[in-house]
Amino acid sequence: MGNYYDIDDILAEEERVLVVFQKAATGVGLLDPSSETNNVEQGAKVELPFWLAQELRARHAVAMSIPPCFNQMTRKEIQADAASVDLRSRCAYFYELGCKIAPLVADRTIGSFLLYTFSHRYKGVHSKAHTAAFATTAKPLCLLTKEETRLYEAAQSSMAAFKKWKMGGSRFSTAFVPGRKRKSLD
């Protein structure tokens, strides 16, 4: 469990993941919409919020599958052109969910995939934030995840603060250092 009071952490754990029940469960038929009884059979595939899937996995009741936002098709798209992939529509909390799910699934390449994705997209986010006019911020933000949006906004605010400082002139004045005059020895 992450930070209890962080709304972004709560929303990241609400992302749905596919699980396969390893054991039959009674009284939880509401979790499986295709179930006509109040039971879930062994081998049933159900989409659950990550926080619930994580707890059930810890009790060896389910096996977690890799979410679609980390599948091979997404990886190929990101390797082709990372900046143009719309990660927000796939998973708004892409990096947060990836960090949480990496130790829980069989695929050990998710960590390096997250690093590759972040490092290649960061350059574009950073350059767009420093070069974009303040009125045209809606278009670049529609492709970014929540984490990337926060980075974009932080870069824009730092650029605005820099421009304000630059236009305001020098705020630091040079200190007067009295020089000692030396008498000539002549």
# chains A, B, ... in the order shown; residues from 1 in each chain; ligands from 1

call {"tool": "select_by_dssp", "arguments": {"residues": "chain A", "states": "helix (DSSP H, G or I)", "output": "PyMOL selection string"}}
result
chain A and resi 7-12+29-31+50-58+68-70+72-80+82-84+87-90+94-101+110-131+134-136+138-141+146-167

call {"tool": "select_by_dssp", "arguments": {"residues": "chain A", "states": "strand (DSSP E or B)", "output": "list of chain:residue names"}}
result
A:Arg16, A:Val17, A:Leu18, A:Val19, A:Val20, A:Phe21, A:Ala25, A:Thr26, A:Asn39, A:Val40, A:Lys45, A:Val46, A:Glu47, A:Leu48, A:Pro49, A:Val62, A:Ala63, A:Met64

call {"tool": "residues_around", "arguments": {"residues": "A:Ala24", "least_positions_apart": "3", "cutoff": "9 Å", "atoms": "only C-alpha atoms", "output": "list of chain:residue names"}}
result
A:Phe21, A:Asn39, A:Val40, A:Glu41, A:Gln42, A:Gly43, A:Ala44, A:Ala61

call {"tool": "write_last_selection", "arguments": {"atoms": "N, CA and C atoms", "output": "mmCIF file, in the first residue's frame"}}
result
data_model
loop_
_atom_site.group_PDB
_atom_site.id
_atom_site.type_symbol
_atom_site.label_atom_id
_atom_site.label_comp_id
_atom_site.auth_asym_id
_atom_site.auth_seq_id
_atom_site.Cartn_x
_atom_site.Cartn_y
_atom_site.Cartn_z
ATOM 1 N N PHE A 21 -8.503 -16.683 -10.918
ATOM 2 C CA PHE A 21 -8.665 -17.265 -9.587
ATOM 3 C C PHE A 21 -7.988 -18.625 -9.522
ATOM 4 N N ASN A 39 -20.733 -17.503 -6.264
ATOM 5 C CA ASN A 39 -19.418 -18.122 -6.153
ATOM 6 C C ASN A 39 -18.592 -17.818 -7.400
ATOM 7 N N VAL A 40 -17.275 -17.839 -7.244
ATOM 8 C CA VAL A 40 -16.356 -17.718 -8.369
ATOM 9 C C VAL A 40 -15.590 -19.026 -8.435
ATOM 10 N N GLU A 41 -15.621 -19.634 -9.617
ATOM 11 C CA GLU A 41 -14.977 -20.932 -9.805
ATOM 12 C C GLU A 41 -13.466 -20.772 -10.003
ATOM 13 N N GLN A 42 -12.739 -21.829 -9.730
ATOM 14 C CA GLN A 42 -11.304 -21.844 -9.978
ATOM 15 C C GLN A 42 -11.062 -21.709 -11.479
ATOM 16 N N GLY A 43 -10.113 -20.867 -11.863
ATOM 17 C CA GLY A 43 -9.799 -20.636 -13.263
ATOM 18 C C GLY A 43 -10.589 -19.500 -13.899
ATOM 19 N N ALA A 44 -11.510 -18.892 -13.147
ATOM 20 C CA ALA A 44 -12.305 -17.784 -13.685
ATOM 21 C C ALA A 44 -11.424 -16.545 -13.857
ATOM 22 N N ALA A 61 -4.725 -16.457 -3.724
ATOM 23 C CA ALA A 61 -6.054 -16.776 -4.251
ATOM 24 C C ALA A 61 -6.152 -16.500 -5.748
#

call {"tool": "closest_atom_pairs", "arguments": {"of": "stretch 81-143 of chain A", "to": "stretch 46-59 of chain A", "cutoff": "10 Å", "atoms": "only C-alpha atoms", "output": "Markdown table"}}
result
| residue | atom | partner | partner_atom | distance |
| --- | --- | --- | --- | --- |
| A:Leu97 | CA | A:Phe50 | CA | 8.4 |
| A:Lys100 | CA | A:Phe50 | CA | 9.1 |
| A:Ile101 | CA | A:Phe50 | CA | 8.5 |
| A:Leu104 | CA | A:Gln54 | CA | 8.0 |

call {"tool": "residues_around", "arguments": {"residues": "A:Arg121", "least_positions_apart": "5", "cutoff": "10 Å", "atoms": "only C-alpha atoms", "output": "ChimeraX atom specification"}}
result
/A:78,81-85,115-116,126,144,148

call {"tool": "write_last_selection", "arguments": {"atoms": "N, CA and C atoms", "output": "PDB file, in the first residue's frame"}}
result
ATOM      1  N   ILE A  78       5.975   2.250 -28.371  1.00  0.00           N
ATOM      2  CA  ILE A  78       6.850   3.154 -27.620  1.00  0.00           C
ATOM      3  C   ILE A  78       8.272   3.091 -28.161  1.00  0.00           C
ATOM      4  N   ASP A  81       8.200   5.267 -31.526  1.00  0.00           N
ATOM      5  CA  ASP A  81       8.173   6.709 -31.280  1.00  0.00           C
ATOM      6  C   ASP A  81       7.500   6.955 -29.942  1.00  0.00           C
ATOM      7  N   ALA A  82       8.290   7.060 -28.911  1.00  0.00           N
ATOM      8  CA  ALA A  82       7.762   7.161 -27.550  1.00  0.00           C
ATOM      9  C   ALA A  82       6.933   8.418 -27.325  1.00  0.00           C
ATOM     10  N   ALA A  83       7.303   9.513 -27.935  1.00  0.00           N
ATOM     11  CA  ALA A  83       6.630  10.785 -27.671  1.00  0.00           C
ATOM     12  C   ALA A  83       5.218  10.844 -28.239  1.00  0.00           C
ATOM     13  N   SER A  84       4.922  10.065 -29.257  1.00  0.00           N
ATOM     14  CA  SER A  84       3.612  10.161 -29.898  1.00  0.00           C
ATOM     15  C   SER A  84       2.581   9.171 -29.364  1.00  0.00           C
ATOM     16  N   VAL A  85       2.958   8.312 -28.441  1.00  0.00           N
ATOM     17  CA  VAL A  85       2.029   7.324 -27.891  1.00  0.00           C
ATOM     18  C   VAL A  85       1.162   7.978 -26.825  1.00  0.00           C
ATOM     19  N   LEU A 115      11.657   2.553 -17.401  1.00  0.00           N
ATOM     20  CA  LEU A 115      12.813   3.447 -17.481  1.00  0.00           C
ATOM     21  C   LEU A 115      13.023   3.936 -18.909  1.00  0.00           C
ATOM     22  N   TYR A 116      12.944   3.040 -19.859  1.00  0.00           N
ATOM     23  CA  TYR A 116      13.098   3.402 -21.273  1.00  0.00           C
ATOM     24  C   TYR A 116      12.016   4.417 -21.681  1.00  0.00           C
ATOM     25  N   HIS A 126       9.950  17.928 -21.522  1.00  0.00           N
ATOM     26  CA  HIS A 126      10.765  19.053 -21.063  1.00  0.00           C
ATOM     27  C   HIS A 126      10.892  20.124 -22.145  1.00  0.00           C
ATOM     28  N   LEU A 144      -0.118  12.993 -22.229  1.00  0.00           N
ATOM     29  CA  LEU A 144       0.745  12.754 -21.081  1.00  0.00           C
ATOM     30  C   LEU A 144       0.023  12.052 -19.941  1.00  0.00           C
ATOM     31  N   GLU A 148       3.745  12.775 -15.939  1.00  0.00           N
ATOM     32  CA  GLU A 148       4.333  13.629 -16.968  1.00  0.00           C
ATOM     33  C   GLU A 148       3.674  15.009 -16.980  1.00  0.00           C
TER      34      GLU A 148
END
